[in-house]
$ cat work35.pdb   # PDB, C-alpha atoms and all ligand atoms
MODEL        1
ATOM      1  CA  MET X   1       0.000   0.000   0.000  1.00  0.00           C
ATOM      2  CA  ALA X   2       2.880   2.354  -0.739  1.00  0.00           C
ATOM      3  CA  ASN X   3       1.455   5.789  -1.316  1.00  0.00           C
ATOM      4  CA  ALA X   4       3.059   9.148  -0.570  1.00  0.00           C
ATOM      5  CA  GLU X   5      -0.278  10.578   0.523  1.00  0.00           C
ATOM      6  CA  ARG X   6      -0.926   7.879   3.074  1.00  0.00           C
ATOM      7  CA  PRO X   7      -1.282   9.360   6.569  1.00  0.00           C
ATOM      8  CA  LEU X   8       1.561   8.567   8.939  1.00  0.00           C
ATOM      9  CA  PRO X   9       1.427   7.949  12.686  1.00  0.00           C
ATOM     10  CA  GLN X  10       1.279  11.046  14.877  1.00  0.00           C
ATOM     11  CA  PRO X  11       2.811   9.795  18.142  1.00  0.00           C
ATOM     12  CA  ASP X  12       1.844  11.499  21.386  1.00  0.00           C
ATOM     13  CA  ASP X  13       3.308  11.110  24.881  1.00  0.00           C
ATOM     14  CA  ASP X  14       1.406   7.851  25.443  1.00  0.00           C
ATOM     15  CA  SER X  15       1.976   6.192  22.062  1.00  0.00           C
ATOM     16  CA  ALA X  16       5.540   7.327  21.259  1.00  0.00           C
ATOM     17  CA  PRO X  17       7.175   4.163  22.728  1.00  0.00           C
ATOM     18  CA  TYR X  18       4.887   1.995  20.572  1.00  0.00           C
ATOM     19  CA  TRP X  19       6.009   3.743  17.379  1.00  0.00           C
ATOM     20  CA  GLU X  20       9.671   3.864  18.416  1.00  0.00           C
ATOM     21  CA  ALA X  21       9.613   0.095  18.952  1.00  0.00           C
ATOM     22  CA  ALA X  22       7.854  -0.435  15.617  1.00  0.00           C
ATOM     23  CA  ALA X  23      10.610   1.516  13.872  1.00  0.00           C
ATOM     24  CA  ARG X  24      13.059  -1.057  15.317  1.00  0.00           C
ATOM     25  CA  GLY X  25      10.888  -3.961  14.130  1.00  0.00           C
ATOM     26  CA  GLU X  26       9.535  -4.777  17.584  1.00  0.00           C
ATOM     27  CA  LEU X  27       5.952  -5.002  18.750  1.00  0.00           C
ATOM     28  CA  GLN X  28       5.807  -3.557  22.250  1.00  0.00           C
ATOM     29  CA  ILE X  29       2.639  -3.076  24.254  1.00  0.00           C
ATOM     30  CA  GLN X  30       2.088  -0.817  27.217  1.00  0.00           C
ATOM     31  CA  ARG X  31       1.442  -2.619  30.468  1.00  0.00           C
ATOM     32  CA  CYS X  32       0.332  -1.443  33.892  1.00  0.00           C
ATOM     33  CA  ALA X  33       3.320  -1.467  36.238  1.00  0.00           C
ATOM     34  CA  SER X  34       1.013  -2.030  39.222  1.00  0.00           C
ATOM     35  CA  CYS X  35      -1.444  -4.786  38.206  1.00  0.00           C
ATOM     36  CA  ARG X  36       0.200  -5.957  34.924  1.00  0.00           C
ATOM     37  CA  THR X  37      -2.906  -5.353  32.780  1.00  0.00           C
ATOM     38  CA  TRP X  38      -2.073  -4.786  29.102  1.00  0.00           C
ATOM     39  CA  ARG X  39      -3.146  -1.423  27.705  1.00  0.00           C
ATOM     40  CA  PHE X  40      -3.910  -0.991  24.029  1.00  0.00           C
ATOM     41  CA  PRO X  41      -4.217   1.601  22.736  1.00  0.00           C
ATOM     42  CA  PRO X  42      -1.684   3.210  25.083  1.00  0.00           C
ATOM     43  CA  ARG X  43      -3.163   5.563  27.643  1.00  0.00           C
ATOM     44  CA  PRO X  44      -2.090   7.472  30.726  1.00  0.00           C
ATOM     45  CA  ARG X  45      -4.075   5.458  33.297  1.00  0.00           C
ATOM     46  CA  CYS X  46      -4.886   1.795  33.856  1.00  0.00           C
ATOM     47  CA  PRO X  47      -8.563   0.972  33.154  1.00  0.00           C
ATOM     48  CA  ARG X  48      -8.447  -1.790  35.780  1.00  0.00           C
ATOM     49  CA  CYS X  49      -6.646  -0.301  38.804  1.00  0.00           C
ATOM     50  CA  GLN X  50      -6.371   3.395  37.826  1.00  0.00           C
ATOM     51  CA  SER X  51      -2.598   3.419  38.294  1.00  0.00           C
ATOM     52  CA  ASP X  52      -0.641   5.831  36.123  1.00  0.00           C
ATOM     53  CA  ALA X  53       2.476   3.653  36.365  1.00  0.00           C
ATOM     54  CA  ALA X  54       3.271   2.021  33.024  1.00  0.00           C
ATOM     55  CA  GLU X  55       5.987   0.007  31.371  1.00  0.00           C
ATOM     56  CA  TRP X  56       6.520  -1.378  27.904  1.00  0.00           C
ATOM     57  CA  GLU X  57       6.961  -5.046  27.111  1.00  0.00           C
ATOM     58  CA  ARG X  58       7.920  -6.748  23.879  1.00  0.00           C
ATOM     59  CA  VAL X  59       5.308  -9.312  22.821  1.00  0.00           C
ATOM     60  CA  SER X  60       5.549 -12.330  20.539  1.00  0.00           C
ATOM     61  CA  GLY X  61       3.875 -10.667  17.564  1.00  0.00           C
ATOM     62  CA  ARG X  62       1.686 -13.735  17.086  1.00  0.00           C
ATOM     63  CA  GLY X  63      -2.051 -13.784  17.330  1.00  0.00           C
ATOM     64  CA  THR X  64      -5.432 -14.808  15.978  1.00  0.00           C
ATOM     65  CA  ILE X  65      -7.915 -12.782  13.980  1.00  0.00           C
ATOM     66  CA  TYR X  66     -10.679 -12.014  16.482  1.00  0.00           C
ATOM     67  CA  SER X  67     -12.774 -10.035  14.005  1.00  0.00           C
ATOM     68  CA  PHE X  68     -12.414  -7.972  10.854  1.00  0.00           C
ATOM     69  CA  VAL X  69     -14.159  -5.459   8.626  1.00  0.00           C
ATOM     70  CA  VAL X  70     -13.852  -4.945   4.884  1.00  0.00           C
ATOM     71  CA  ALA X  71     -13.374  -1.363   3.712  1.00  0.00           C
ATOM     72  CA  HIS X  72     -15.238  -0.626   0.476  1.00  0.00           C
ATOM     73  CA  ALA X  73     -15.470   3.154   0.406  1.00  0.00           C
ATOM     74  CA  PRO X  74     -12.442   4.869   1.924  1.00  0.00           C
ATOM     75  CA  VAL X  75     -12.778   8.424   3.105  1.00  0.00           C
ATOM     76  CA  LEU X  76      -9.103   9.081   2.394  1.00  0.00           C
ATOM     77  CA  PRO X  77      -7.982   9.314  -1.250  1.00  0.00           C
ATOM     78  CA  ALA X  78      -4.694   7.586  -0.357  1.00  0.00           C
ATOM     79  CA  PHE X  79      -6.583   4.307   0.088  1.00  0.00           C
ATOM     80  CA  ALA X  80      -8.938   4.552  -2.921  1.00  0.00           C
ATOM     81  CA  ALA X  81      -6.869   2.266  -5.153  1.00  0.00           C
ATOM     82  CA  HIS X  82      -6.745  -0.469  -2.512  1.00  0.00           C
ATOM     83  CA  VAL X  83     -10.424  -1.154  -1.823  1.00  0.00           C
ATOM     84  CA  PRO X  84     -11.792  -3.533  -0.911  1.00  0.00           C
ATOM     85  CA  PHE X  85      -9.331  -4.470   1.843  1.00  0.00           C
ATOM     86  CA  ALA X  86      -9.709  -6.078   5.232  1.00  0.00           C
ATOM     87  CA  ILE X  87      -8.830  -4.485   8.561  1.00  0.00           C
ATOM     88  CA  ALA X  88      -8.329  -7.003  11.327  1.00  0.00           C
ATOM     89  CA  LEU X  89      -8.733  -7.003  15.070  1.00  0.00           C
ATOM     90  CA  VAL X  90      -5.949  -9.340  16.200  1.00  0.00           C
ATOM     91  CA  GLU X  91      -6.040 -11.059  19.580  1.00  0.00           C
ATOM     92  CA  LEU X  92      -2.437 -11.402  20.702  1.00  0.00           C
ATOM     93  CA  ASP X  93      -1.234 -14.692  22.152  1.00  0.00           C
ATOM     94  CA  GLU X  94      -0.207 -12.975  25.396  1.00  0.00           C
ATOM     95  CA  ASP X  95      -3.774 -12.336  26.576  1.00  0.00           C
ATOM     96  CA  PRO X  96      -7.264 -12.954  25.131  1.00  0.00           C
ATOM     97  CA  GLN X  97      -8.205  -9.422  26.218  1.00  0.00           C
ATOM     98  CA  LEU X  98      -5.273  -7.868  24.331  1.00  0.00           C
ATOM     99  CA  ARG X  99      -6.422  -6.949  20.832  1.00  0.00           C
ATOM    100  CA  VAL X 100      -4.805  -4.658  18.283  1.00  0.00           C
ATOM    101  CA  VAL X 101      -6.062  -3.307  14.960  1.00  0.00           C
ATOM    102  CA  GLY X 102      -4.100  -3.669  11.769  1.00  0.00           C
ATOM    103  CA  ASN X 103      -3.871  -4.076   8.041  1.00  0.00           C
ATOM    104  CA  LEU X 104      -3.479  -7.539   6.503  1.00  0.00           C
ATOM    105  CA  LEU X 105      -0.566  -7.838   4.078  1.00  0.00           C
ATOM    106  CA  ASP X 106      -1.111 -11.112   2.255  1.00  0.00           C
ATOM    107  CA  ILE X 107      -4.673 -12.116   3.062  1.00  0.00           C
ATOM    108  CA  GLY X 108      -7.307 -11.005   0.564  1.00  0.00           C
ATOM    109  CA  VAL X 109     -10.867 -10.147   1.528  1.00  0.00           C
ATOM    110  CA  GLU X 110     -12.069 -13.499   0.131  1.00  0.00           C
ATOM    111  CA  ALA X 111      -9.632 -15.452   2.292  1.00  0.00           C
ATOM    112  CA  VAL X 112      -9.703 -13.639   5.630  1.00  0.00           C
ATOM    113  CA  GLN X 113     -11.410 -15.591   8.416  1.00  0.00           C
ATOM    114  CA  ILE X 114     -12.007 -15.198  12.096  1.00  0.00           C
ATOM    115  CA  GLY X 115      -9.634 -17.565  13.909  1.00  0.00           C
ATOM    116  CA  MET X 116      -6.867 -17.302  11.297  1.00  0.00           C
ATOM    117  CA  ARG X 117      -3.370 -17.302  12.791  1.00  0.00           C
ATOM    118  CA  VAL X 118      -1.276 -14.228  11.962  1.00  0.00           C
ATOM    119  CA  VAL X 119       2.114 -12.738  12.756  1.00  0.00           C
ATOM    120  CA  VAL X 120       3.178  -9.117  12.822  1.00  0.00           C
ATOM    121  CA  ASP X 121       5.337  -7.650  10.089  1.00  0.00           C
ATOM    122  CA  PHE X 122       6.645  -4.123   9.776  1.00  0.00           C
ATOM    123  CA  GLU X 123       6.431  -1.947   6.695  1.00  0.00           C
ATOM    124  CA  ALA X 124       9.046   0.812   6.704  1.00  0.00           C
ATOM    125  CA  VAL X 125       7.292   3.821   5.192  1.00  0.00           C
ATOM    126  CA  GLU X 126      10.011   6.421   5.741  1.00  0.00           C
ATOM    127  CA  ALA X 127      13.122   6.917   7.874  1.00  0.00           C
ATOM    128  CA  GLY X 128      12.234   6.180  11.485  1.00  0.00           C
ATOM    129  CA  VAL X 129       8.633   5.180  10.738  1.00  0.00           C
ATOM    130  CA  ALA X 130       7.354   1.620  10.373  1.00  0.00           C
ATOM    131  CA  LEU X 131       3.781   0.337  10.485  1.00  0.00           C
ATOM    132  CA  PRO X 132       2.922  -2.906  12.287  1.00  0.00           C
ATOM    133  CA  GLN X 133       0.780  -5.041   9.992  1.00  0.00           C
ATOM    134  CA  TRP X 134      -0.235  -8.688   9.850  1.00  0.00           C
ATOM    135  CA  ARG X 135       0.408 -11.630   7.594  1.00  0.00           C
ATOM    136  CA  ARG X 136      -0.623 -15.282   7.657  1.00  0.00           C
ATOM    137  CA  LEU X 137       1.356 -17.395  10.134  1.00  0.00           C
TER     138      LEU X 137
HETATM  139 ZN    ZN X 201      -3.390  -1.574  36.653  1.00  0.00          ZN
ENDMDL
END

$ encode --input "work35.pdb" --output "structure tokens"
Amino acid sequence: MANAERPLPQPDDDSAPYWEAAARGELQIQRCASCRTWRFPPRPRCPRCQSDAAEWERVSGRGTIYSFVVAHAPVLPAFAAHVPFAIALVELDEDPQLRVVGNLLDIGVEAVQIGMRVVVDFEAVEAGVALPQWRRL
């Protein structure tokens, strides 16, 4: 999906470690330093215990498609040539409550299925910026 007009991540204080790890080819997820609950997307406070203490942990990058949607009519012109494409909600192996959203690299809309095993892959889009995406495991 190489396209110069494609929007790039805009890291903030909470998500910057996620994008810095992605640029190194690592999938890291924020975790509560008090109760160990995973937090995705990253946020300043734990939804379970309200602690603001957080750490980052590298995860396996393996998971299962929990659900997906198929985009038919993109609102952004950068994606117009790629429809239809699937966007997956991936349940990571580390925790059934830990789910991340991502593009599928090698799984067409006819083939994508709930329960399909996937692994993260990183697409370098420019210097210092890489996008975590998913391919068939
Ligand atoms: Zn917590």

$ residues_around --input "work35.pdb" --residues "segment 92-100 of chain X" --least-positions-apart "3" --cutoff "12 Å" --atoms "only C-alpha atoms" --output "PyMOL selection string"
chain X and resi 18+27-31+36-42+57-68+87-89+103+115-120+132-134

$ residues_near_ligand --input "work35.pdb" --ligand "ligand ZN 201 (chain X)" --cutoff "12 Å" --atoms "all atoms listed in the file" --output "list in words"
Gln30, Arg31, Cys32, Ala33, Ser34, Cys35, Arg36, Thr37, Trp38, Arg39, Arg43, Pro44, Arg45, Cys46, Pro47, Arg48, Cys49, Gln50, Ser51, Asp52, Ala53, Ala54 and Glu55 of chain X

$ atom_distance --input "work35.pdb" --atom1 "atom CA of Glu91 of chain X" --atom2 "atom CA of Ala78 of chain X"
27.3 Å

$ atom_distance --input "work35.pdb" --atom1 "atom CA of Ala73 of chain X" --atom2 "atom CA of Ala86 of chain X"
11.9 Å

$ atom_distance --input "work35.pdb" --atom1 "atom CA of Gln10 of chain X" --atom2 "atom CA of Gly25 of chain X"
17.8 Å

$ closest_residue --input "work35.pdb" --among "X:Trp56, X:Ala111, X:Glu123, X:Val69" --to "Asp14 of chain X" --atoms "all atoms listed in the file"
X:Trp56

$ closest_residue --input "work35.pdb" --among "X:Glu20, X:Glu26, X:Arg6, X:Gly128" --to "His82 of chain X" --atoms "only C-alpha atoms"
X:Arg6

$ resolve_selection --input "work35.pdb" --expression "the PyMOL selection byres (((chain X and resi 106-108) around 8) and not hetatm)" --output "VMD selection string"
chain X and resid 85 to 86 104 to 105 109 to 112 135 to 136

$ axis_aligned_box --input "work35.pdb" --around "segment 87-103 of chain X" --padding-each-side "6 Å" --output "JSON"
{"center_x": -4.5, "center_y": -9.0, "center_z": 17.3, "size_x": 20.6, "size_y": 23.4, "size_z": 30.5}

$ closest_residue --input "work35.pdb" --among "X:Leu131, X:Leu137, X:Leu76, X:Val125" --to "Trp19 of chain X" --atoms "all atoms listed in the file"
X:Leu131

$ decode --input "work35.pdb" --residues "segment 90-118 of chain X" --atoms "N, CA and C atoms" --output "CSV table (one decimal), in the first residue's frame"
chain,number,residue,atom,x,y,z
X,90,VAL,N,-6.8,-8.2,15.9
X,90,VAL,CA,-5.9,-9.3,16.2
X,90,VAL,C,-5.8,-9.5,17.7
X,91,GLU,N,-6.2,-10.7,18.2
X,91,GLU,CA,-6.0,-11.1,19.6
X,91,GLU,C,-4.6,-11.6,19.8
X,92,LEU,N,-3.8,-11.0,20.5
X,92,LEU,CA,-2.4,-11.4,20.7
X,92,LEU,C,-2.4,-12.6,21.6
X,93,ASP,N,-1.4,-13.5,21.4
X,93,ASP,CA,-1.2,-14.7,22.2
X,93,ASP,C,-1.0,-14.4,23.6
X,94,GLU,N,-0.5,-13.2,24.0
X,94,GLU,CA,-0.2,-13.0,25.4
X,94,GLU,C,-1.4,-12.9,26.3
X,95,ASP,N,-2.6,-12.5,25.7
X,95,ASP,CA,-3.8,-12.3,26.6
X,95,ASP,C,-5.0,-12.2,25.7
X,96,PRO,N,-6.1,-13.0,26.0
X,96,PRO,CA,-7.3,-13.0,25.1
X,96,PRO,C,-8.0,-11.6,25.2
X,97,GLN,N,-7.6,-10.8,26.1
X,97,GLN,CA,-8.2,-9.4,26.2
X,97,GLN,C,-7.3,-8.4,25.5
X,98,LEU,N,-6.2,-8.8,25.0
X,98,LEU,CA,-5.3,-7.9,24.3
X,98,LEU,C,-5.5,-8.0,22.8
X,99,ARG,N,-6.1,-6.9,22.3
X,99,ARG,CA,-6.4,-6.9,20.8
X,99,ARG,C,-5.9,-5.7,20.2
X,100,VAL,N,-5.3,-5.8,19.0
X,100,VAL,CA,-4.8,-4.7,18.3
X,100,VAL,C,-5.4,-4.7,16.9
X,101,VAL,N,-5.5,-3.5,16.3
X,101,VAL,CA,-6.1,-3.3,15.0
X,101,VAL,C,-4.9,-3.2,13.9
X,102,GLY,N,-5.1,-3.8,12.8
X,102,GLY,CA,-4.1,-3.7,11.8
X,102,GLY,C,-4.5,-4.1,10.4
X,103,ASN,N,-3.7,-3.7,9.4
X,103,ASN,CA,-3.9,-4.1,8.0
X,103,ASN,C,-3.3,-5.5,7.8
X,104,LEU,N,-3.9,-6.2,6.9
X,104,LEU,CA,-3.5,-7.5,6.5
X,104,LEU,C,-2.7,-7.4,5.2
X,105,LEU,N,-1.5,-8.0,5.2
X,105,LEU,CA,-0.6,-7.8,4.1
X,105,LEU,C,-0.8,-8.8,3.0
X,106,ASP,N,-1.1,-10.1,3.3
X,106,ASP,CA,-1.1,-11.1,2.3
X,106,ASP,C,-2.4,-11.9,2.3
X,107,ILE,N,-3.4,-11.4,2.9
X,107,ILE,CA,-4.7,-12.1,3.1
X,107,ILE,C,-5.8,-11.3,2.4
X,108,GLY,N,-6.3,-11.7,1.3
X,108,GLY,CA,-7.3,-11.0,0.6
X,108,GLY,C,-8.6,-11.1,1.3
X,109,VAL,N,-9.6,-10.2,0.9
X,109,VAL,CA,-10.9,-10.1,1.5
X,109,VAL,C,-11.7,-11.4,1.4
X,110,GLU,N,-11.4,-12.2,0.3
X,110,GLU,CA,-12.1,-13.5,0.1
X,110,GLU,C,-11.5,-14.6,1.1
X,111,ALA,N,-10.3,-14.4,1.5
X,111,ALA,CA,-9.6,-15.5,2.3
X,111,ALA,C,-9.7,-15.2,3.8
X,112,VAL,N,-9.8,-14.0,4.2
X,112,VAL,CA,-9.7,-13.6,5.6
X,112,VAL,C,-10.8,-14.3,6.4
X,113,GLN,N,-10.4,-14.9,7.6
X,113,GLN,CA,-11.4,-15.6,8.4
X,113,GLN,C,-11.1,-15.3,9.9
X,114,ILE,N,-12.2,-15.2,10.6
X,114,ILE,CA,-12.0,-15.2,12.1
X,114,ILE,C,-11.3,-16.5,12.5
X,115,GLY,N,-10.4,-16.4,13.4
X,115,GLY,CA,-9.6,-17.6,13.9
X,115,GLY,C,-8.3,-17.8,13.2
X,116,MET,N,-8.1,-17.1,12.1
X,116,MET,CA,-6.9,-17.3,11.3
X,116,MET,C,-5.7,-16.8,12.1
X,117,ARG,N,-4.6,-17.6,12.1
X,117,ARG,CA,-3.4,-17.3,12.8
X,117,ARG,C,-2.6,-16.3,12.0
X,118,VAL,N,-2.0,-15.3,12.6
X,118,VAL,CA,-1.3,-14.2,12.0
X,118,VAL,C,0.0,-13.9,12.8
